[in-house]
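Engineer: So I've got this file, coords35.txt, and it contains compact mmCIF, C-alpha atoms:
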```
# COMPACT_ATOMS: atom_id res chain seq x y z
CA MET A 1 116.67 119.80 63.38
CA TYR A 2 119.13 117.85 61.22
CA GLY A 3 121.97 119.91 62.64
CA LYS A 4 121.07 118.92 66.18
CA ALA A 5 120.85 115.27 65.17
CA ILE A 6 124.29 115.38 63.52
CA ILE A 7 125.77 117.09 66.55
CA SER A 8 124.20 114.49 68.84
CA LEU A 9 125.47 111.61 66.68
CA ALA A 10 128.98 113.07 66.61
CA PHE A 11 128.91 113.47 70.39
CA VAL A 12 127.81 109.87 70.94
CA THR A 13 130.46 108.61 68.49
CA LEU A 14 133.20 110.61 70.25
CA LEU A 15 131.99 109.30 73.60
CA LEU A 16 132.15 105.69 72.38
CA ILE A 17 135.67 106.12 70.99
CA THR A 18 136.85 107.69 74.23
CA PHE A 19 135.33 104.87 76.25
CA SER A 20 136.92 102.24 73.97
CA LEU A 21 140.33 103.82 74.41
CA LEU A 22 139.94 103.80 78.17
CA ILE A 23 139.04 100.10 78.40
CA GLY A 24 141.60 99.06 75.78
CA THR A 25 139.38 97.65 73.02
CA VAL A 26 140.80 100.14 70.52
CA ASP A 27 144.54 100.79 70.23
CA ILE A 28 144.94 104.04 68.32
CA ARG A 29 148.65 103.36 67.96
CA SER A 30 147.94 100.54 65.54
CA TYR A 31 146.35 103.05 63.12
CA PHE A 32 148.66 106.01 63.40
CA PHE A 33 151.93 104.36 64.51
CA PRO A 34 152.13 100.96 62.79
CA SER A 35 155.01 98.70 63.85
CA PRO A 36 157.85 98.49 61.30
CA ASP A 37 157.45 94.75 60.75
CA GLY A 38 153.68 94.83 60.62
CA ALA A 39 153.50 92.44 63.59
CA HIS A 40 150.19 93.88 64.74
CA ASN A 41 148.53 92.33 61.71
CA PHE A 42 149.27 88.78 62.88
CA PRO A 43 148.49 86.75 66.00
CA CYS A 44 151.28 86.35 68.53
CA LYS A 45 153.39 83.27 67.84
CA PRO A 46 154.73 81.16 70.72
CA THR A 47 158.45 81.12 71.22
CA GLY A 48 160.56 77.98 71.43
CA THR A 49 160.29 74.73 69.55
CA GLN A 50 157.50 72.97 71.44
CA SER A 51 156.26 69.83 69.71
CA SER A 52 152.73 68.48 69.74
CA PRO A 53 151.64 66.55 72.85
CA SER A 54 152.02 63.21 71.05
CA ALA A 55 155.39 63.94 69.41
CA PRO A 56 158.63 62.76 71.06
CA LEU A 57 160.47 65.26 73.24
CA LYS A 58 163.38 66.78 71.34
CA VAL A 59 166.50 66.57 73.51
CA TYR A 60 170.00 67.89 72.91
CA MET A 61 172.66 65.92 74.77
CA TYR A 62 175.94 67.62 75.59
CA ASP A 63 179.10 65.91 74.33
CA LEU A 64 180.86 65.55 77.68
CA PRO A 65 184.27 63.88 77.91
CA ARG A 66 184.17 60.22 78.91
CA ARG A 67 185.43 60.87 82.44
CA PHE A 68 182.00 62.34 83.26
CA ASN A 69 180.13 59.15 82.38
CA ILE A 70 181.27 55.84 80.91
CA GLY A 71 184.93 56.51 81.72
CA MET A 72 184.02 55.46 85.26
CA MET A 73 182.79 52.14 83.86
CA GLU A 74 186.01 51.63 81.89
CA ARG A 75 188.51 52.32 84.67
CA LYS A 76 189.50 48.66 85.05
CA LYS A 77 190.36 48.52 81.34
CA GLY A 78 192.96 51.20 81.87
CA GLY A 79 191.77 53.22 78.89
CA GLY A 80 192.88 56.84 78.72
CA ASP A 81 190.51 57.87 75.95
CA ASP A 82 188.46 60.88 77.07
CA THR A 83 186.61 61.63 73.83
CA PRO A 84 182.83 62.00 74.16
CA VAL A 85 180.56 59.05 73.46
CA THR A 86 178.49 59.93 70.42
CA THR A 87 177.05 56.61 69.19
CA ALA A 88 175.35 53.62 70.76
CA GLU A 89 178.14 51.35 69.52
CA GLU A 90 180.59 53.12 71.82
CA LEU A 91 178.43 52.60 74.90
CA PRO A 92 179.44 49.59 77.04
CA ARG A 93 176.70 47.40 78.43
CA TRP A 94 175.80 47.89 82.06
CA PRO A 95 177.67 45.11 83.90
CA VAL A 96 175.52 42.28 85.22
CA ASN A 97 177.67 42.04 88.37
CA ALA A 98 177.32 45.72 89.32
CA GLY A 99 175.59 44.84 92.59
CA VAL A 100 173.93 47.66 94.46
CA ARG A 101 175.28 50.22 91.96
CA ARG A 102 172.68 48.94 89.52
CA GLN A 103 169.84 50.60 91.42
CA HIS A 104 171.39 54.03 90.80
CA SER A 105 172.02 53.48 87.06
CA VAL A 106 169.10 55.60 85.80
CA GLU A 107 171.64 58.08 84.38
CA TYR A 108 173.10 55.34 82.16
CA TRP A 109 169.73 54.27 80.72
CA LEU A 110 168.68 57.85 79.94
CA MET A 111 171.96 58.49 78.12
CA ALA A 112 171.66 55.20 76.22
CA SER A 113 168.16 56.06 75.05
CA LEU A 114 169.43 59.21 73.35
CA LEU A 115 172.39 57.53 71.68
CA GLY A 116 170.25 54.99 69.85
CA SER A 117 168.92 55.93 66.43
CA GLY A 118 165.65 54.07 66.88
CA GLY A 119 164.69 50.95 65.02
CA GLU A 120 161.67 50.09 62.95
CA GLY A 121 158.50 50.05 65.02
CA GLU A 122 160.31 51.42 68.07
CA GLU A 123 158.36 53.99 70.06
CA ARG A 124 160.21 56.70 71.95
CA ASP A 125 159.08 59.53 74.16
CA ALA A 126 162.36 61.37 73.55
CA VAL A 127 164.66 61.69 70.56
CA ARG A 128 168.07 63.25 70.29
CA VAL A 129 168.54 66.33 68.14
CA LEU A 130 172.01 67.38 67.03
CA ASP A 131 171.14 71.06 66.62
CA PRO A 132 170.59 72.66 70.05
CA GLU A 133 168.44 75.33 68.41
CA ASN A 134 165.82 72.64 67.79
CA ALA A 135 165.88 71.26 71.32
CA GLU A 136 163.09 71.47 73.87
CA ALA A 137 165.31 70.16 76.67
CA PHE A 138 169.03 69.66 77.28
CA PHE A 139 170.40 66.47 78.83
CA VAL A 140 173.58 66.60 80.92
CA PRO A 141 175.14 63.09 80.78
CA PHE A 142 177.07 63.28 84.04
CA PHE A 143 176.90 60.01 86.00
CA SER A 144 176.78 61.76 89.36
CA SER A 145 175.54 58.67 91.23
CA LEU A 146 178.23 56.45 89.76
CA SER A 147 180.78 59.14 90.53
CA PHE A 148 179.84 59.04 94.21
CA ASN A 149 179.89 55.24 94.24
CA THR A 150 183.23 55.13 92.42
CA HIS A 151 185.22 57.92 94.04
CA GLY A 152 185.27 57.26 97.76
CA ARG A 153 181.90 56.33 99.23
CA ASN A 154 182.81 56.89 102.89
CA MET A 155 182.78 60.70 102.54
CA THR A 156 186.22 61.16 104.14
CA ASP A 157 188.20 59.14 101.60
CA PRO A 158 190.69 61.33 99.67
CA GLU A 159 189.22 59.77 96.50
CA THR A 160 186.13 61.96 96.99
CA GLU A 161 188.22 64.85 95.66
CA LYS A 162 187.81 63.32 92.20
CA ASP A 163 184.05 63.45 92.59
CA ARG A 164 184.21 67.08 93.69
CA GLN A 165 186.53 68.01 90.81
CA LEU A 166 184.18 66.47 88.27
CA GLN A 167 181.39 68.63 89.64
CA VAL A 168 183.58 71.74 89.48
CA ASP A 169 184.57 70.98 85.88
CA LEU A 170 180.97 70.32 84.88
CA ILE A 171 179.72 73.62 86.30
CA SER A 172 182.51 75.43 84.44
CA PHE A 173 181.48 73.66 81.23
CA LEU A 174 177.77 74.47 81.61
CA ARG A 175 178.33 78.12 82.45
CA LYS A 176 180.09 78.56 79.11
CA SER A 177 177.07 77.20 77.23
CA LYS A 178 174.84 79.89 75.78
CA TYR A 179 171.88 77.54 76.19
CA TRP A 180 172.55 77.22 79.90
CA GLN A 181 172.91 80.99 80.09
CA ARG A 182 169.72 81.54 78.09
CA SER A 183 167.50 79.67 80.54
CA GLY A 184 169.63 79.74 83.67
CA GLY A 185 169.75 75.95 83.35
CA ARG A 186 165.99 75.59 83.82
CA ASP A 187 165.47 73.45 80.70
CA HIS A 188 168.46 71.23 81.50
CA VAL A 189 167.92 67.68 82.78
CA ILE A 190 170.40 66.35 85.35
CA PRO A 191 170.05 62.87 86.89
CA MET A 192 171.10 62.43 90.52
CA THR A 193 169.24 59.45 91.95
CA HIS A 194 171.75 58.54 94.66
CA PRO A 195 171.00 60.56 97.83
CA ASN A 196 174.63 61.76 97.88
CA ALA A 197 175.03 62.42 94.16
CA PHE A 198 176.38 65.87 93.20
CA ARG A 199 176.66 66.62 96.92
CA PHE A 200 179.38 69.28 96.69
CA LEU A 201 177.78 71.72 94.22
CA ARG A 202 174.08 70.86 94.15
CA GLN A 203 172.94 74.40 94.84
CA LEU A 204 174.53 75.57 91.59
CA VAL A 205 172.11 73.46 89.55
CA ASN A 206 169.01 74.07 91.67
CA ALA A 207 167.08 75.61 88.77
CA SER A 208 167.44 72.55 86.54
CA ILE A 209 165.09 69.60 86.13
CA LEU A 210 166.62 67.06 88.49
CA ILE A 211 165.92 63.34 88.19
CA VAL A 212 165.76 62.18 91.82
CA ALA A 213 164.63 59.06 93.69
CA ASP A 214 163.11 61.12 96.51
CA PHE A 215 163.55 64.45 98.28
CA GLY A 216 164.99 63.12 101.53
CA ARG A 217 168.31 64.98 101.34
CA TYR A 218 167.29 67.93 99.22
CA PRO A 219 166.14 71.23 100.75
CA LYS A 220 163.17 72.93 99.10
CA SER A 221 165.54 75.57 97.74
CA LEU A 222 167.15 72.84 95.64
CA SER A 223 164.52 70.32 94.64
CA THR A 224 160.72 70.37 94.49
CA LEU A 225 157.96 68.24 93.05
CA SER A 226 156.82 71.11 90.83
CA LYS A 227 160.00 71.18 88.72
CA ASP A 228 161.76 67.85 89.28
CA VAL A 229 161.06 64.27 88.23
CA VAL A 230 160.79 61.38 90.70
CA SER A 231 162.41 58.27 89.27
CA PRO A 232 162.13 54.65 90.32
CA TYR A 233 165.31 52.91 91.34
CA VAL A 234 166.45 50.24 88.89
CA HIS A 235 165.25 47.05 90.56
CA ASN A 236 167.83 44.56 91.81
CA VAL A 237 165.77 41.35 91.85
CA ASP A 238 164.86 39.50 88.69
CA SER A 239 161.43 40.28 87.25
CA PHE A 240 158.73 37.64 87.79
CA LYS A 241 157.92 36.68 84.18
CA ASP A 242 155.83 33.52 84.64
CA ASP A 243 153.59 34.50 87.55
CA ASP A 244 150.49 32.73 86.19
CA LEU A 245 149.27 30.52 89.04
CA LEU A 246 145.54 29.85 89.25
CA ASP A 247 145.45 30.86 92.93
CA PRO A 248 148.37 33.21 93.62
CA PHE A 249 146.96 34.24 97.00
CA GLU A 250 147.05 30.74 98.49
CA SER A 251 150.32 29.81 96.79
CA ARG A 252 152.15 32.67 98.55
CA LYS A 253 152.52 31.22 102.04
CA THR A 254 154.33 34.16 103.69
CA LEU A 255 152.04 36.97 104.84
CA LEU A 256 154.65 39.74 105.04
CA PHE A 257 158.27 39.84 103.86
CA PHE A 258 161.17 42.19 104.54
CA ARG A 259 164.86 41.66 103.96
CA GLY A 260 167.42 44.46 104.33
CA ASN A 261 169.42 46.65 106.66
CA THR A 262 167.51 47.35 109.88
CA VAL A 263 169.89 50.02 111.19
CA ARG A 264 169.08 53.34 109.59
CA LYS A 265 169.08 57.06 110.44
CA ASP A 266 166.28 59.62 110.68
CA LYS A 267 162.88 58.21 109.69
CA GLY A 268 164.64 54.92 108.94
CA LYS A 269 164.79 54.21 112.67
CA VAL A 270 161.30 52.78 112.21
CA ARG A 271 162.96 49.64 110.80
CA ALA A 272 164.43 48.69 114.17
CA LYS A 273 161.06 49.27 115.85
CA LEU A 274 159.27 47.14 113.27
CA GLU A 275 161.82 44.37 113.74
CA LYS A 276 160.76 44.07 117.40
CA ILE A 277 157.03 44.43 116.72
CA LEU A 278 156.99 41.82 113.94
CA ALA A 279 159.09 39.21 115.76
CA GLY A 280 157.48 35.92 116.73
CA TYR A 281 154.99 35.52 113.88
CA ASP A 282 155.27 32.27 111.94
CA ASP A 283 154.08 33.74 108.64
CA ILE A 284 156.17 36.92 108.74
CA ARG A 285 159.79 37.06 107.60
CA TYR A 286 161.74 40.12 108.79
CA GLU A 287 165.41 39.49 108.07
CA ARG A 288 168.57 41.52 108.44
CA SER A 289 170.71 41.56 105.33
CA SER A 290 173.34 43.46 103.33
CA PRO A 291 172.99 43.95 99.55
CA THR A 292 175.13 41.04 98.37
CA ALA A 293 174.45 38.84 95.36
CA GLU A 294 173.30 36.05 97.66
CA ALA A 295 170.98 38.41 99.54
CA ILE A 296 169.44 39.69 96.31
CA GLN A 297 168.72 36.10 95.22
CA ALA A 298 167.15 35.38 98.61
CA SER A 299 165.01 38.51 98.28
CA THR A 300 163.87 37.40 94.84
CA GLN A 301 162.56 34.10 96.23
CA GLY A 302 161.16 35.72 99.37
CA MET A 303 159.14 38.32 97.51
CA ARG A 304 157.73 35.82 95.03
CA SER A 305 156.46 33.62 97.85
CA SER A 306 154.89 36.46 99.90
CA LYS A 307 151.51 38.18 99.71
CA PHE A 308 152.79 41.51 101.04
CA CYS A 309 156.26 43.11 100.94
CA LEU A 310 157.16 45.69 103.55
CA HIS A 311 158.72 48.97 102.46
CA PRO A 312 159.70 51.04 105.53
CA ALA A 313 161.58 54.31 105.19
CA GLY A 314 165.37 54.08 105.20
CA ASP A 315 167.92 56.87 105.46
CA THR A 316 165.69 58.56 102.88
CA PRO A 317 161.95 58.00 102.23
CA SER A 318 162.37 55.62 99.27
CA SER A 319 164.47 52.56 98.48
CA CYS A 320 164.96 50.00 95.75
CA ARG A 321 162.92 47.50 97.79
CA LEU A 322 159.64 49.07 96.65
CA PHE A 323 160.42 48.50 92.99
CA ASP A 324 161.75 45.01 93.68
CA ALA A 325 158.32 44.25 95.17
CA ILE A 326 156.47 45.69 92.17
CA VAL A 327 158.31 43.53 89.62
CA SER A 328 157.81 40.54 91.96
CA HIS A 329 154.04 41.22 92.04
CA CYS A 330 154.17 41.33 95.83
CA VAL A 331 151.72 43.94 97.14
CA PRO A 332 153.83 46.75 98.67
CA VAL A 333 153.12 47.81 102.24
CA ILE A 334 154.57 51.31 102.42
CA VAL A 335 155.52 52.81 105.78
CA SER A 336 157.16 56.09 104.83
CA ASP A 337 155.44 59.37 105.68
CA LEU A 338 157.48 61.57 103.32
CA ILE A 339 157.70 59.35 100.27
CA GLU A 340 157.05 60.66 96.76
CA LEU A 341 156.41 58.18 93.97
CA PRO A 342 157.28 58.02 90.25
CA TYR A 343 154.73 58.93 87.57
CA GLU A 344 152.06 59.67 90.14
CA ASP A 345 150.17 61.92 87.73
CA GLU A 346 149.64 58.80 85.59
CA ILE A 347 149.57 55.97 88.12
CA ASP A 348 147.36 55.55 91.21
CA TYR A 349 149.49 53.58 93.68
CA SER A 350 146.52 52.92 95.95
CA GLN A 351 145.30 50.44 93.33
CA PHE A 352 148.18 48.07 94.09
CA SER A 353 149.80 49.26 97.35
CA ILE A 354 148.82 49.68 100.99
CA PHE A 355 149.96 52.70 102.99
CA PHE A 356 150.48 53.05 106.75
CA SER A 357 151.79 56.05 108.62
CA ILE A 358 154.78 55.41 110.86
CA ASN A 359 152.62 56.00 113.93
CA GLU A 360 150.11 53.39 112.73
CA ALA A 361 152.78 50.84 111.86
CA ILE A 362 154.51 50.90 115.26
CA GLN A 363 151.31 50.18 117.18
CA PRO A 364 151.61 46.56 118.38
CA ASP A 365 149.58 44.13 116.25
CA TYR A 366 147.89 46.92 114.25
CA LEU A 367 149.68 46.38 110.92
CA VAL A 368 149.54 42.59 111.19
CA ASN A 369 145.81 42.56 112.00
CA GLN A 370 145.07 44.83 109.04
CA LEU A 371 146.93 42.50 106.68
CA ARG A 372 145.30 39.36 108.10
CA GLN A 373 141.86 40.88 107.52
CA PHE A 374 142.69 41.99 103.99
CA PRO A 375 140.12 40.44 101.60
CA LYS A 376 141.43 37.83 99.19
CA ASP A 377 139.50 39.21 96.22
CA ARG A 378 140.92 42.69 96.85
CA TRP A 379 144.46 41.29 97.07
CA ILE A 380 144.02 39.43 93.78
CA LYS A 381 142.81 42.65 92.17
CA MET A 382 145.97 44.41 93.38
CA TRP A 383 148.13 41.49 92.18
CA ARG A 384 146.59 41.76 88.72
CA GLN A 385 147.18 45.50 88.70
CA LEU A 386 150.84 44.94 89.64
CA LYS A 387 151.23 42.62 86.65
CA LYS A 388 149.58 45.25 84.47
CA ILE A 389 151.83 48.16 85.48
CA SER A 390 155.16 46.51 86.33
CA HIS A 391 156.56 47.20 82.83
CA HIS A 392 156.65 50.90 83.76
CA PHE A 393 159.48 50.04 86.15
CA GLU A 394 161.69 48.14 83.70
CA PHE A 395 164.75 49.82 82.15
CA HIS A 396 165.58 48.73 78.60
CA TYR A 397 167.96 49.55 75.80
CA PRO A 398 166.63 50.17 73.26
CA PRO A 399 163.67 51.62 75.15
CA VAL A 400 160.36 49.76 75.02
CA LYS A 401 156.95 51.40 74.84
CA GLU A 402 156.00 52.87 78.22
CA ASP A 403 158.99 51.36 80.01
CA ALA A 404 160.77 53.31 82.76
CA VAL A 405 162.99 55.20 80.31
CA ASN A 406 160.09 56.43 78.20
CA MET A 407 157.99 57.19 81.27
CA LEU A 408 160.78 59.38 82.68
CA TRP A 409 161.15 61.32 79.44
CA ARG A 410 157.39 61.82 79.41
CA GLN A 411 157.60 63.20 82.94
CA VAL A 412 160.29 65.64 81.80
CA LYS A 413 157.98 66.78 79.02
CA HIS A 414 155.23 67.40 81.59
CA LYS A 415 157.56 69.79 83.43
CA LEU A 416 158.41 71.94 80.40
CA PRO A 417 155.37 74.29 80.42
CA GLY A 418 156.35 75.38 83.92
CA VAL A 419 159.95 75.74 82.76
CA GLN A 420 158.92 77.99 79.87
CA LEU A 421 156.84 80.12 82.24
CA GLU A 422 159.86 80.61 84.51
CA VAL A 423 162.19 81.37 81.59
CA HIS A 424 159.85 83.92 80.01
CA ARG A 425 159.09 85.64 83.33
CA ASN A 426 162.79 85.81 84.11
CA HIS A 427 163.44 87.62 80.81
CA ARG A 428 161.27 90.57 81.82
CA LEU A 429 161.40 90.69 85.64
CA LYS A 430 163.21 93.64 87.16
CA VAL A 431 162.76 92.33 90.70
CA PRO A 432 163.66 88.61 90.58
CA ASP A 433 161.37 86.23 92.46
CA TRP A 434 159.15 89.01 93.81
CA TRP A 435 156.27 86.51 93.93
CA GLN A 436 158.11 84.39 96.50
CA GLN A 437 159.24 87.45 98.44
CA ARG A 438 155.68 88.68 99.05
CA ARG A 439 154.68 85.45 100.78
```
How does the structure come out when it is put into structure tokens?
Structural biologist:
Amino acid sequence: MYGKAIISLAFVTLLLITFSLLIGTVDIRSYFFPSPDGAHNFPCKPTGTQSSPSAPLKVYMYDLPRRFNIGMMERKKGGGDDTPVTTAEELPRWPVNAGVRRQHSVEYWLMASLLGSGGEGEERDAVRVLDPENAEAFFVPFFSSLSFNTHGRNMTDPETEKDRQLQVDLISFLRKSKYWQRSGGRDHVIPMTHPNAFRFLRQLVNASILIVADFGRYPKSLSTLSKDVVSPYVHNVDSFKDDDLLDPFESRKTLLFFRGNTVRKDKGKVRAKLEKILAGYDDIRYERSSPTAEAIQASTQGMRSSKFCLHPAGDTPSSCRLFDAIVSHCVPVIVSDLIELPYEDEIDYSQFSIFFSINEAIQPDYLVNQLRQFPKDRWIKMWRQLKKISHHFEFHYPPVKEDAVNMLWRQVKHKLPGVQLEVHRNHRLKVPDWWQQRR
């Protein structure tokens, strides 16, 4: 009797062990073939140097020769020094008379933020580390937008060869970096906010985190919302600091304001159509203009005295005009079907902006009637929200809490989990990008 019971118990035990092996709850190798380092005794540790969600992003900045960045700002001084800029004291101030180049200066402000050591009480979303082994991201301080604006803007100018050569030299430099090689450039941050920045060799950095103003001239094989960061342009008009009127709605006599170039390509052709549709209204100002100092001053006054500021698509979906409106507390009216907006995982633009499709906007009287019927209390709510969020679109050195510089670094940090996924998958894949191939 006992013998049968023992045999039955042994049979059941053997059956359970066999079943456990089949479903993977018991790994017999861990008992009979222990790993040399005893790793099976400990939980798996994550790779990399990820910081806590609240800690600043740790960024290593490459020491590029001056010709890649501030050397283009120093050309008039005739300086031949090409040594890298390593301290904030060596960084020249962005010129106040830079004109339209100012709107593409995001690259300068990001570089400046990493050069500063950080003062007492200063809050930063990114800090520079001098040891690349401790870095979570790698910043490439190439002023690609300034390079385009400096070296022959008309595309056929022989000066553009200098822009192309800088791109060639940069790619050569990066390919020698073991940190570029380690990730394929995926954890590298490269600003290119001008639509024509880095135009010769863009495809060679298509895996990196690109800082762009929009995706108008980037194919999906180069730039996507999932890996890249949408940046605001640096606004051209002065910020409205003392906008404290008791009745801002009634004090702004102009219903709708636009000032800018009305001749544009692609989706920007809507500007010429809107010019005809909006003609003849006494409380609408739709003015042709080039980006001169006088025009920028006129835009400053026009936006501050208007309830709504029109932002139609240009050659690309976005333009500096949107951010000029935000810092002027003029409710943006956005007519751009393909626009992407900065920090949209943190900011709801519908709380302070109005959106029309291009087809809606070109219907005679439709846009104007919608704005005339817009409730005053709702407009004031949007105006208050603009005042509340406009600091997110200001570029400062040193950076200020939740200003544009810190917001951009925070956006880079948001992209890093996806970057790590791509890097780790790439280390083990035998058939690269098979997931995309099956679709």
Engineer: I'd like the interatomic distance between atom CA of Lys401 of chain A and atom CA of Phe323 of chain A, to a tenth of an Å.
Structural biologist: 18.7 Å
Engineer: Have a look at atom CA of Gly260 of chain A and atom CA of Glu287 of chain A and let me know their distance in Å, one decimal.
Structural biologist: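 Interatomic distance here is 6.5 Å.
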Engineer: So which residues touch segment 217-224 of chain A within 12 Å, counting only C-alpha atoms, skipping near sequence neighbours fewer than 5 positions away, as an mmCIF file with C-alpha atoms, in the coordinates of the input?
Structural biologist:
```cif
data_model
loop_
_atom_site.group_PDB
_atom_site.id
_atom_site.type_symbol
_atom_site.label_atom_id
_atom_site.label_comp_id
_atom_site.auth_asym_id
_atom_site.auth_seq_id
_atom_site.Cartn_x
_atom_site.Cartn_y
_atom_site.Cartn_z
ATOM 1 C CA ILE A 190 170.400 66.350 85.350
ATOM 2 C CA MET A 192 171.100 62.430 90.520
ATOM 3 C CA THR A 193 169.240 59.450 91.950
ATOM 4 C CA HIS A 194 171.750 58.540 94.660
ATOM 5 C CA PRO A 195 171.000 60.560 97.830
ATOM 6 C CA ASN A 196 174.630 61.760 97.880
ATOM 7 C CA ALA A 197 175.030 62.420 94.160
ATOM 8 C CA PHE A 198 176.380 65.870 93.200
ATOM 9 C CA ARG A 199 176.660 66.620 96.920
ATOM 10 C CA LEU A 201 177.780 71.720 94.220
ATOM 11 C CA ARG A 202 174.080 70.860 94.150
ATOM 12 C CA GLN A 203 172.940 74.400 94.840
ATOM 13 C CA LEU A 204 174.530 75.570 91.590
ATOM 14 C CA VAL A 205 172.110 73.460 89.550
ATOM 15 C CA ASN A 206 169.010 74.070 91.670
ATOM 16 C CA ALA A 207 167.080 75.610 88.770
ATOM 17 C CA SER A 208 167.440 72.550 86.540
ATOM 18 C CA ILE A 209 165.090 69.600 86.130
ATOM 19 C CA LEU A 210 166.620 67.060 88.490
ATOM 20 C CA ILE A 211 165.920 63.340 88.190
ATOM 21 C CA VAL A 212 165.760 62.180 91.820
ATOM 22 C CA VAL A 229 161.060 64.270 88.230
ATOM 23 C CA VAL A 230 160.790 61.380 90.700
ATOM 24 C CA ASP A 266 166.280 59.620 110.680
ATOM 25 C CA GLY A 314 165.370 54.080 105.200
ATOM 26 C CA ASP A 315 167.920 56.870 105.460
ATOM 27 C CA THR A 316 165.690 58.560 102.880
ATOM 28 C CA PRO A 317 161.950 58.000 102.230
ATOM 29 C CA SER A 318 162.370 55.620 99.270
ATOM 30 C CA LEU A 338 157.480 61.570 103.320
ATOM 31 C CA GLU A 340 157.050 60.660 96.760
ATOM 32 C CA LYS A 415 157.560 69.790 83.430
ATOM 33 C CA GLN A 436 158.110 84.390 96.500
#
```
Engineer: For Phe257 of chain A, list every protein, DNA or RNA residue within 8 Å, evaluated using all atoms listed in the file, and leave out those in the same chain fewer than 5 positions away; present the list as a list in words.
Structural biologist: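 Here the answer would be Ile284, Arg285, Tyr286, Gly302, Met303, Ser306, Phe308, Cys309 and Leu310 of chain A.
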Engineer: Would you mind reading off the distance between atom CA of Ala404 of chain A and atom CA of His392 of chain A, one decimal, in Å?
Structural biologist: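 Atom CA of His392 of chain A lies 4.9 Å from atom CA of Ala404 of chain A.
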Engineer: Between A:Leu110, A:Gly216, A:Arg67, A:Asn261, which is the closest to Lys162 of chain A once you count all atoms listed in the file?
Structural biologist: A:Arg67
Engineer: If we count all atoms listed in the file and set the cut-off at 7 Å, which residues sit around segment 292-296 of chain A, ignoring sequence neighbours fewer than 4 positions away in its own chain? Please answer as a list of chain:residue names.
Structural biologist: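 So the residues in contact are A:Gly99, A:Asn236, A:Val237, A:Thr300.
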Engineer: Taking all atoms listed in the file into account, name the residue in A:Arg384, A:Arg259, A:His151, A:Arg102 that is nearest to Leu246 of chain A.
Structural biologist: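 Closest residue, counting all atoms listed in the file: A:Arg384.
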